[in-house]
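Student: The structure follows.
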Amino acid sequence: LAEAGYREGENLTIVYQCAFGDSASLIQICNDMNDGSYDLVITVAPPATQAFVNLESETPCVFCSVAAPVAAGIMADLNTPDLNATGTSNAIPSGDILSMGLTITPDVKKFGLVYCTSEVNAVNAMENARAYLDASGLKYEEVTVANSGEVQQAAESLMGKVDALFVANDSVVQSAVTLVSDLCRENGIPSYCCSATTVQSGLLATLAMSDVYIGRRTAALAGQ
């Protein structure tokens, strides 16, 4: 934003809010930002974007890192945004990530899949992962979580049953992913994921769009 001439404290005020994975807090934040005093709202990932777009606000929304905007219900068509929202998509190449994983750890015969069913990004990534694994003749076992408190137990349930872990790109799993990383290291299980942020949190590897890059692209779009 600064590169586009928008400088906080000079000609721009930015209000940062984070719900920390709590849906009630998220709804409250979105309602507060829908009071007509904001010129633009930038949301990150599907939950925040869906919560704000569902308000049918007159304040335009620019979203960041929504892998499947149409499936998330925030626009009817990628080429024709129709709900006063547009933004950037970080579509997840699940098959390419798993293929990379098999190159790094070729002895893997069975993957464990961990994701949250309420996050569209994660569901979409896992649908593509299952399609790749089915086509490759590889086995997999999946566990789903509803909140961050279930992540560690879900990962524990796969230890000793799978040869590698594949973690989806969702904020629920990310909030407890360091616990997953510790489990994988303790059990000698390679772990692959969908985001560079998740690798920085301790998992082994990914093939993904740079979070810095997509943030810059989102800011440029907001400026436009």
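Naming works like this for the structure tokens: A, B, ... for the chains as they're shown, residue 1 at the start of each chain, ligands 1 onward in shown order.
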Do you have, as JSON lines, the list of residues of segment 43-118 of chain A lying at most 8 Å from segment 193-215 of chain A, each with its nearest atom pair and that distance in Å to one decimal, counting only C-alpha atoms and ordered by chain then number?
Tutor:
```
{"residue": "A:Cys64", "atom": "CA", "partner": "A:Gly215", "partner_atom": "CA", "distance": 6.8}
{"residue": "A:Ser65", "atom": "CA", "partner": "A:Ile214", "partner_atom": "CA", "distance": 7.1}
{"residue": "A:Thr88", "atom": "CA", "partner": "A:Ile214", "partner_atom": "CA", "distance": 7.0}
{"residue": "A:Asn90", "atom": "CA", "partner": "A:Met209", "partner_atom": "CA", "distance": 6.5}
{"residue": "A:Ile92", "atom": "CA", "partner": "A:Cys194", "partner_atom": "CA", "distance": 6.6}
{"residue": "A:Pro93", "atom": "CA", "partner": "A:Ala208", "partner_atom": "CA", "distance": 7.6}
{"residue": "A:Ser94", "atom": "CA", "partner": "A:Cys194", "partner_atom": "CA", "distance": 7.5}
{"residue": "A:Asp96", "atom": "CA", "partner": "A:Leu207", "partner_atom": "CA", "distance": 7.4}
{"residue": "A:Ile97", "atom": "CA", "partner": "A:Leu207", "partner_atom": "CA", "distance": 5.5}
{"residue": "A:Met100", "atom": "CA", "partner": "A:Leu207", "partner_atom": "CA", "distance": 7.8}
{"residue": "A:Gly101", "atom": "CA", "partner": "A:Ala205", "partner_atom": "CA", "distance": 7.8}
```
Student: Would you save the residues of that selection, restricted to N, CA and C atoms, as a PDB file, in the first residue's frame?
Tutor:
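Dumped to selection.pdb:
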```pdb
ATOM      1  N   CYS A  64      -7.949 -11.743   0.465  1.00  0.00           N
ATOM      2  CA  CYS A  64      -6.609 -12.278   0.235  1.00  0.00           C
ATOM      3  C   CYS A  64      -6.598 -13.760   0.592  1.00  0.00           C
ATOM      4  N   SER A  65      -5.994 -14.566  -0.284  1.00  0.00           N
ATOM      5  CA  SER A  65      -5.775 -15.986   0.008  1.00  0.00           C
ATOM      6  C   SER A  65      -7.063 -16.789   0.178  1.00  0.00           C
ATOM      7  N   THR A  88      -7.667 -11.928  -4.333  1.00  0.00           N
ATOM      8  CA  THR A  88      -6.647 -12.820  -4.857  1.00  0.00           C
ATOM      9  C   THR A  88      -6.883 -14.248  -4.389  1.00  0.00           C
ATOM     10  N   ASN A  90      -5.214 -18.098  -3.908  1.00  0.00           N
ATOM     11  CA  ASN A  90      -3.998 -18.908  -3.803  1.00  0.00           C
ATOM     12  C   ASN A  90      -4.379 -20.379  -3.993  1.00  0.00           C
ATOM     13  N   ILE A  92      -4.565 -24.150  -4.470  1.00  0.00           N
ATOM     14  CA  ILE A  92      -3.602 -25.100  -3.922  1.00  0.00           C
ATOM     15  C   ILE A  92      -3.362 -26.255  -4.890  1.00  0.00           C
ATOM     16  N   PRO A  93      -2.114 -26.468  -5.347  1.00  0.00           N
ATOM     17  CA  PRO A  93      -1.791 -27.578  -6.255  1.00  0.00           C
ATOM     18  C   PRO A  93      -1.541 -28.866  -5.464  1.00  0.00           C
ATOM     19  N   SER A  94      -2.608 -29.430  -4.880  1.00  0.00           N
ATOM     20  CA  SER A  94      -2.450 -30.576  -3.981  1.00  0.00           C
ATOM     21  C   SER A  94      -1.672 -31.713  -4.621  1.00  0.00           C
ATOM     22  N   ASP A  96       0.535 -31.659  -7.026  1.00  0.00           N
ATOM     23  CA  ASP A  96       1.951 -31.320  -7.176  1.00  0.00           C
ATOM     24  C   ASP A  96       2.682 -31.405  -5.840  1.00  0.00           C
ATOM     25  N   ILE A  97       2.003 -30.998  -4.761  1.00  0.00           N
ATOM     26  CA  ILE A  97       2.620 -31.066  -3.434  1.00  0.00           C
ATOM     27  C   ILE A  97       2.871 -32.519  -3.039  1.00  0.00           C
ATOM     28  N   MET A 100       5.668 -33.970  -5.055  1.00  0.00           N
ATOM     29  CA  MET A 100       6.933 -33.509  -4.506  1.00  0.00           C
ATOM     30  C   MET A 100       7.294 -34.314  -3.266  1.00  0.00           C
ATOM     31  N   GLY A 101       6.292 -34.572  -2.420  1.00  0.00           N
ATOM     32  CA  GLY A 101       6.520 -35.345  -1.209  1.00  0.00           C
ATOM     33  C   GLY A 101       7.022 -36.745  -1.512  1.00  0.00           C
TER      34      GLY A 101
END
```
Student: For Tyr38 of chain A, list every protein, DNA or RNA residue within 12 Å, evaluated using only C-alpha atoms, and leave out those in the same chain fewer than 3 positions away; present the list as a VMD selection string.
Tutor: chain A and resid 12 to 15 30 to 35 41 to 42 57 to 61
Student: The selected residues should be written to file as an mmCIF file, in the first residue's frame (atoms: N, CA, C and O atoms).
Tutor:
```cif
data_model
loop_
_atom_site.group_PDB
_atom_site.id
_atom_site.type_symbol
_atom_site.label_atom_id
_atom_site.label_comp_id
_atom_site.auth_asym_id
_atom_site.auth_seq_id
_atom_site.Cartn_x
_atom_site.Cartn_y
_atom_site.Cartn_z
ATOM 1 N N LEU A 12 -3.770 7.763 5.284
ATOM 2 C CA LEU A 12 -4.452 6.482 5.435
ATOM 3 C C LEU A 12 -4.486 6.048 6.899
ATOM 4 O O LEU A 12 -3.507 6.185 7.622
ATOM 5 N N THR A 13 -5.645 5.551 7.305
ATOM 6 C CA THR A 13 -5.788 4.927 8.620
ATOM 7 C C THR A 13 -6.124 3.464 8.413
ATOM 8 O O THR A 13 -7.043 3.132 7.670
ATOM 9 N N ILE A 14 -5.353 2.588 9.034
ATOM 10 C CA ILE A 14 -5.607 1.148 8.935
ATOM 11 C C ILE A 14 -5.977 0.612 10.309
ATOM 12 O O ILE A 14 -5.261 0.846 11.288
ATOM 13 N N VAL A 15 -7.087 -0.079 10.379
ATOM 14 C CA VAL A 15 -7.526 -0.725 11.615
ATOM 15 C C VAL A 15 -7.330 -2.224 11.446
ATOM 16 O O VAL A 15 -7.900 -2.834 10.536
ATOM 17 N N CYS A 30 -16.680 -8.100 11.916
ATOM 18 C CA CYS A 30 -17.260 -7.766 10.617
ATOM 19 C C CYS A 30 -18.420 -6.788 10.764
ATOM 20 O O CYS A 30 -18.567 -5.846 9.978
ATOM 21 N N ASN A 31 -19.248 -6.993 11.770
ATOM 22 C CA ASN A 31 -20.360 -6.063 12.018
ATOM 23 C C ASN A 31 -19.843 -4.671 12.346
ATOM 24 O O ASN A 31 -20.390 -3.661 11.879
ATOM 25 N N ASP A 32 -18.781 -4.608 13.135
ATOM 26 C CA ASP A 32 -18.207 -3.307 13.503
ATOM 27 C C ASP A 32 -17.644 -2.595 12.274
ATOM 28 O O ASP A 32 -17.725 -1.362 12.175
ATOM 29 N N MET A 33 -17.077 -3.366 11.332
ATOM 30 C CA MET A 33 -16.490 -2.763 10.137
ATOM 31 C C MET A 33 -17.530 -2.468 9.063
ATOM 32 O O MET A 33 -17.197 -1.941 8.003
ATOM 33 N N ASN A 34 -18.762 -2.807 9.353
ATOM 34 C CA ASN A 34 -19.851 -2.548 8.417
ATOM 35 C C ASN A 34 -20.696 -1.361 8.872
ATOM 36 O O ASN A 34 -21.890 -1.284 8.588
ATOM 37 N N ASP A 35 -20.053 -0.426 9.581
ATOM 38 C CA ASP A 35 -20.815 0.709 10.124
ATOM 39 C C ASP A 35 -20.796 1.926 9.214
ATOM 40 O O ASP A 35 -21.293 2.991 9.574
ATOM 41 N N VAL A 41 -12.588 -2.805 3.143
ATOM 42 C CA VAL A 41 -12.240 -3.841 4.116
ATOM 43 C C VAL A 41 -11.452 -4.932 3.392
ATOM 44 O O VAL A 41 -11.893 -5.445 2.364
ATOM 45 N N ILE A 42 -10.277 -5.256 3.909
ATOM 46 C CA ILE A 42 -9.464 -6.341 3.362
ATOM 47 C C ILE A 42 -9.565 -7.532 4.310
ATOM 48 O O ILE A 42 -9.298 -7.397 5.508
ATOM 49 N N SER A 57 -22.661 -5.928 2.588
ATOM 50 C CA SER A 57 -22.252 -4.577 2.929
ATOM 51 C C SER A 57 -22.101 -3.699 1.693
ATOM 52 O O SER A 57 -21.759 -4.176 0.608
ATOM 53 N N GLU A 58 -22.320 -2.417 1.880
ATOM 54 C CA GLU A 58 -22.061 -1.451 0.816
ATOM 55 C C GLU A 58 -20.575 -1.090 0.781
ATOM 56 O O GLU A 58 -20.120 -0.467 -0.172
ATOM 57 N N THR A 59 -19.825 -1.480 1.787
ATOM 58 C CA THR A 59 -18.383 -1.248 1.813
ATOM 59 C C THR A 59 -17.694 -2.333 0.993
ATOM 60 O O THR A 59 -17.904 -3.523 1.243
ATOM 61 N N PRO A 60 -16.910 -1.963 -0.002
ATOM 62 C CA PRO A 60 -16.254 -2.978 -0.835
ATOM 63 C C PRO A 60 -15.262 -3.813 -0.028
ATOM 64 O O PRO A 60 -14.624 -3.327 0.899
ATOM 65 N N CYS A 61 -15.153 -5.075 -0.422
ATOM 66 C CA CYS A 61 -14.255 -6.020 0.240
ATOM 67 C C CYS A 61 -13.222 -6.516 -0.764
ATOM 68 O O CYS A 61 -13.558 -6.900 -1.883
#
```
Student: At most 8 Å is the cut-off: for each residue in segment 62-94 of chain A with any atom that close to an atom of segment 45-54 of chain A, write down the nearest atom pair and the distance in Å rounded to one decimal, counting only C-alpha atoms, chain first then increasing number, as CSV.
Tutor:
```
residue,atom,partner,partner_atom,distance
A:Phe63,CA,A:Thr49,CA,6.2
A:Cys64,CA,A:Ala45,CA,6.0
A:Ser65,CA,A:Ala45,CA,5.1
A:Val66,CA,A:Ala45,CA,5.1
A:Ala72,CA,A:Pro46,CA,6.8
A:Gly73,CA,A:Gln50,CA,7.4
A:Ile74,CA,A:Gln50,CA,6.4
A:Leu83,CA,A:Val53,CA,7.0
A:Asn84,CA,A:Val53,CA,7.7
A:Ala85,CA,A:Val53,CA,7.1
```
Student: Would you mind exporting the chosen residues as an mmCIF file, in the first residue's frame, restricted to N, CA, C and O atoms?
Tutor:
```cif
data_model
loop_
_atom_site.group_PDB
_atom_site.id
_atom_site.type_symbol
_atom_site.label_atom_id
_atom_site.label_comp_id
_atom_site.auth_asym_id
_atom_site.auth_seq_id
_atom_site.Cartn_x
_atom_site.Cartn_y
_atom_site.Cartn_z
ATOM 1 N N PHE A 63 -10.449 -9.446 -0.813
ATOM 2 C CA PHE A 63 -10.001 -10.592 -0.025
ATOM 3 C C PHE A 63 -8.623 -11.073 -0.464
ATOM 4 O O PHE A 63 -8.195 -10.865 -1.594
ATOM 5 N N CYS A 64 -7.949 -11.743 0.465
ATOM 6 C CA CYS A 64 -6.609 -12.278 0.235
ATOM 7 C C CYS A 64 -6.598 -13.760 0.592
ATOM 8 O O CYS A 64 -7.150 -14.169 1.612
ATOM 9 N N SER A 65 -5.994 -14.566 -0.284
ATOM 10 C CA SER A 65 -5.775 -15.986 0.008
ATOM 11 C C SER A 65 -7.063 -16.789 0.178
ATOM 12 O O SER A 65 -7.236 -17.508 1.154
ATOM 13 N N VAL A 66 -7.953 -16.678 -0.789
ATOM 14 C CA VAL A 66 -9.121 -17.564 -0.846
ATOM 15 C C VAL A 66 -8.909 -18.478 -2.039
ATOM 16 O O VAL A 66 -8.980 -18.047 -3.190
ATOM 17 N N ALA A 72 -16.490 -20.866 -2.262
ATOM 18 C CA ALA A 72 -16.694 -20.201 -0.973
ATOM 19 C C ALA A 72 -17.948 -19.333 -0.963
ATOM 20 O O ALA A 72 -18.357 -18.848 0.095
ATOM 21 N N GLY A 73 -18.545 -19.130 -2.140
ATOM 22 C CA GLY A 73 -19.781 -18.355 -2.222
ATOM 23 C C GLY A 73 -19.591 -16.863 -2.151
ATOM 24 O O GLY A 73 -20.530 -16.125 -1.850
ATOM 25 N N ILE A 74 -18.383 -16.388 -2.465
ATOM 26 C CA ILE A 74 -18.148 -14.946 -2.394
ATOM 27 C C ILE A 74 -18.177 -14.288 -3.764
ATOM 28 O O ILE A 74 -18.037 -13.075 -3.870
ATOM 29 N N LEU A 83 -20.576 -9.613 -5.746
ATOM 30 C CA LEU A 83 -21.061 -9.387 -4.377
ATOM 31 C C LEU A 83 -20.262 -8.289 -3.673
ATOM 32 O O LEU A 83 -20.058 -8.339 -2.470
ATOM 33 N N ASN A 84 -19.841 -7.290 -4.447
ATOM 34 C CA ASN A 84 -19.071 -6.160 -3.926
ATOM 35 C C ASN A 84 -17.761 -6.633 -3.291
ATOM 36 O O ASN A 84 -17.276 -6.051 -2.326
ATOM 37 N N ALA A 85 -17.223 -7.741 -3.840
ATOM 38 C CA ALA A 85 -15.969 -8.279 -3.326
ATOM 39 C C ALA A 85 -15.126 -8.812 -4.480
ATOM 40 O O ALA A 85 -15.639 -9.403 -5.426
#
```
Student: At a cut-off of 6 Å, using only C-alpha atoms, what residues contact segment 117-134 of chain A? Leave out same-chain residues fewer than 5 positions from it and give the result as a VMD selection string.
Tutor: chain A and resid 67 72 94 to 95 168 to 170
Student: Could you jot down the atom CA of Ser181 of chain A to atom CA of Asp22 of chain A separation for me, Å, one decimal place?
Tutor: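 Calculated distance between atom CA of Ser181 of chain A and atom CA of Asp22 of chain A is 22.7 Å.
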Student: DSSP on the backbone, strand (DSSP E or B) only: what residues of segment 102-220 of chain A does that give? Format it as a PyMOL selection string.
Tutor: chain A and resi 110-116+139-145+164-167+191-193+205-206
Student: Please, could you write that set of residues out with C-alpha atoms as an mmCIF file, in the first residue's frame?
Tutor:
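After the write, selection_17.cif holds the following:
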```cif
data_model
loop_
_atom_site.group_PDB
_atom_site.id
_atom_site.type_symbol
_atom_site.label_atom_id
_atom_site.label_comp_id
_atom_site.auth_asym_id
_atom_site.auth_seq_id
_atom_site.Cartn_x
_atom_site.Cartn_y
_atom_site.Cartn_z
ATOM 1 C CA LYS A 110 -0.052 -44.173 2.848
ATOM 2 C CA PHE A 111 -0.824 -40.527 3.602
ATOM 3 C CA GLY A 112 -2.701 -39.121 6.553
ATOM 4 C CA LEU A 113 -4.943 -36.139 5.719
ATOM 5 C CA VAL A 114 -5.836 -33.560 8.377
ATOM 6 C CA TYR A 115 -8.217 -30.661 7.773
ATOM 7 C CA CYS A 116 -11.177 -28.643 9.026
ATOM 8 C CA LYS A 139 -3.700 -45.256 0.257
ATOM 9 C CA TYR A 140 -4.781 -42.551 2.654
ATOM 10 C CA GLU A 141 -6.641 -42.045 5.912
ATOM 11 C CA GLU A 142 -8.258 -38.755 6.778
ATOM 12 C CA VAL A 143 -9.341 -37.108 9.999
ATOM 13 C CA THR A 144 -11.306 -33.891 10.269
ATOM 14 C CA VAL A 145 -11.479 -31.306 13.026
ATOM 15 C CA ALA A 164 3.403 -39.227 5.879
ATOM 16 C CA LEU A 165 1.022 -36.412 6.741
ATOM 17 C CA PHE A 166 -0.654 -33.893 4.441
ATOM 18 C CA VAL A 167 -2.097 -30.853 6.203
ATOM 19 C CA SER A 191 4.783 -33.778 6.923
ATOM 20 C CA TYR A 192 3.668 -31.822 3.870
ATOM 21 C CA CYS A 193 1.368 -28.830 3.727
ATOM 22 C CA ALA A 205 7.842 -28.880 2.945
ATOM 23 C CA THR A 206 5.332 -27.331 0.577
#
```
Student: So how many Å separate atom CA of Ser148 of chain A and atom CA of Leu26 of chain A, to one decimal?
Tutor: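 Going from atom CA of Ser148 of chain A over to atom CA of Leu26 of chain A, I get 15.3 Å.
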Student: State, in Å with one decimal place, the distance from atom CA of Pro106 of chain A to atom CA of Asp163 of chain A.
Tutor: 10.3 Å
Student: Restricting the calculation to only C-alpha atoms, which member of A:Thr86, A:Val44, A:Gly21, A:Asp39 is positioned closest to Leu221 of chain A?
Tutor: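 Smallest distance to Leu221 of chain A is found for A:Thr86.
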Student: Pick from A:Ile104, A:Gly149, A:Thr43, A:Ala219: nearest to Ala19 of chain A, with only C-alpha atoms counted?
Tutor: A:Thr43
Student: For Val108 of chain A, which of A:Leu55, A:Gly160, A:Asp82, A:Pro190 is the closest residue, counting only C-alpha atoms?
Tutor: A:Pro190
Student: From the list A:Thr80, A:Ser99, A:Gln152, A:Gln17, which residue is nearest Val172 of chain A when using only C-alpha atoms?
Tutor: A:Gln152
Student: Which neighbours of Leu183 of chain A fall inside 9 Å, counting only C-alpha atoms, when residues of the same chain fewer than 6 positions from it are skipped, and could you give them as a JSON list (two decimals) with all heavy atoms, in the first residue's frame?
Tutor:
```
[["chain", "number", "residue", "atom", "x", "y", "z"],
["A", 152, "GLN", "N", -4.51, -31.64, 17.69],
["A", 152, "GLN", "CA", -3.48, -32.54, 18.22],
["A", 152, "GLN", "C", -3.99, -33.98, 18.30],
["A", 152, "GLN", "O", -3.30, -34.92, 17.90],
["A", 152, "GLN", "CB", -3.02, -32.08, 19.60],
["A", 152, "GLN", "CG", -1.89, -32.95, 20.17],
["A", 152, "GLN", "CD", -1.38, -32.43, 21.50],
["A", 152, "GLN", "OE1", -1.97, -31.53, 22.10],
["A", 152, "GLN", "NE2", -0.27, -32.96, 21.96],
["A", 155, "ALA", "N", -4.16, -35.57, 14.85],
["A", 155, "ALA", "CA", -2.84, -35.98, 14.36],
["A", 155, "ALA", "C", -2.34, -37.21, 15.10],
["A", 155, "ALA", "O", -1.76, -38.13, 14.50],
["A", 155, "ALA", "CB", -1.85, -34.82, 14.50],
["A", 156, "GLU", "N", -2.57, -37.25, 16.40],
["A", 156, "GLU", "CA", -2.15, -38.40, 17.20],
["A", 156, "GLU", "C", -2.80, -39.68, 16.71],
["A", 156, "GLU", "O", -2.18, -40.75, 16.71],
["A", 156, "GLU", "CB", -2.49, -38.16, 18.67],
["A", 156, "GLU", "CG", -1.57, -37.18, 19.37],
["A", 156, "GLU", "CD", -2.00, -36.91, 20.81],
["A", 156, "GLU", "OE1", -3.16, -37.25, 21.15],
["A", 156, "GLU", "OE2", -1.18, -36.37, 21.58],
["A", 159, "MET", "N", -0.77, -41.35, 13.95],
["A", 159, "MET", "CA", 0.59, -41.81, 14.20],
["A", 159, "MET", "C", 0.63, -43.34, 14.25],
["A", 159, "MET", "O", -0.18, -43.97, 14.94],
["A", 159, "MET", "CB", 1.13, -41.23, 15.50],
["A", 159, "MET", "CG", 1.29, -39.71, 15.52],
["A", 159, "MET", "SD", 2.45, -39.03, 14.30],
["A", 159, "MET", "CE", 1.32, -38.29, 13.10],
["A", 189, "ILE", "N", 7.69, -39.00, 11.10],
["A", 189, "ILE", "CA", 6.72, -38.92, 10.00],
["A", 189, "ILE", "C", 6.95, -37.65, 9.20],
["A", 189, "ILE", "O", 6.84, -36.54, 9.74],
["A", 189, "ILE", "CB", 5.27, -38.93, 10.54],
["A", 189, "ILE", "CG1", 4.99, -40.21, 11.34],
["A", 189, "ILE", "CG2", 4.27, -38.77, 9.41],
["A", 189, "ILE", "CD1", 5.00, -41.45, 10.51]]
```
Student: Taking the backbone alone, and naming residues the way the document does, which bits of segment 16-189 of chain A are alpha helix (DSSP H) by DSSP, as an NGL selection string?
Tutor: :A and (23-32 or 45-53 or 94-104 or 120-136 or 151-156 or 171-174 or 177-187)
Student: Have a look at A:Gly87, A:Pro81, A:Pro69, A:Gly36 and name the one nearest to Gly223 of chain A; count only C-alpha atoms.
Tutor: A:Gly87
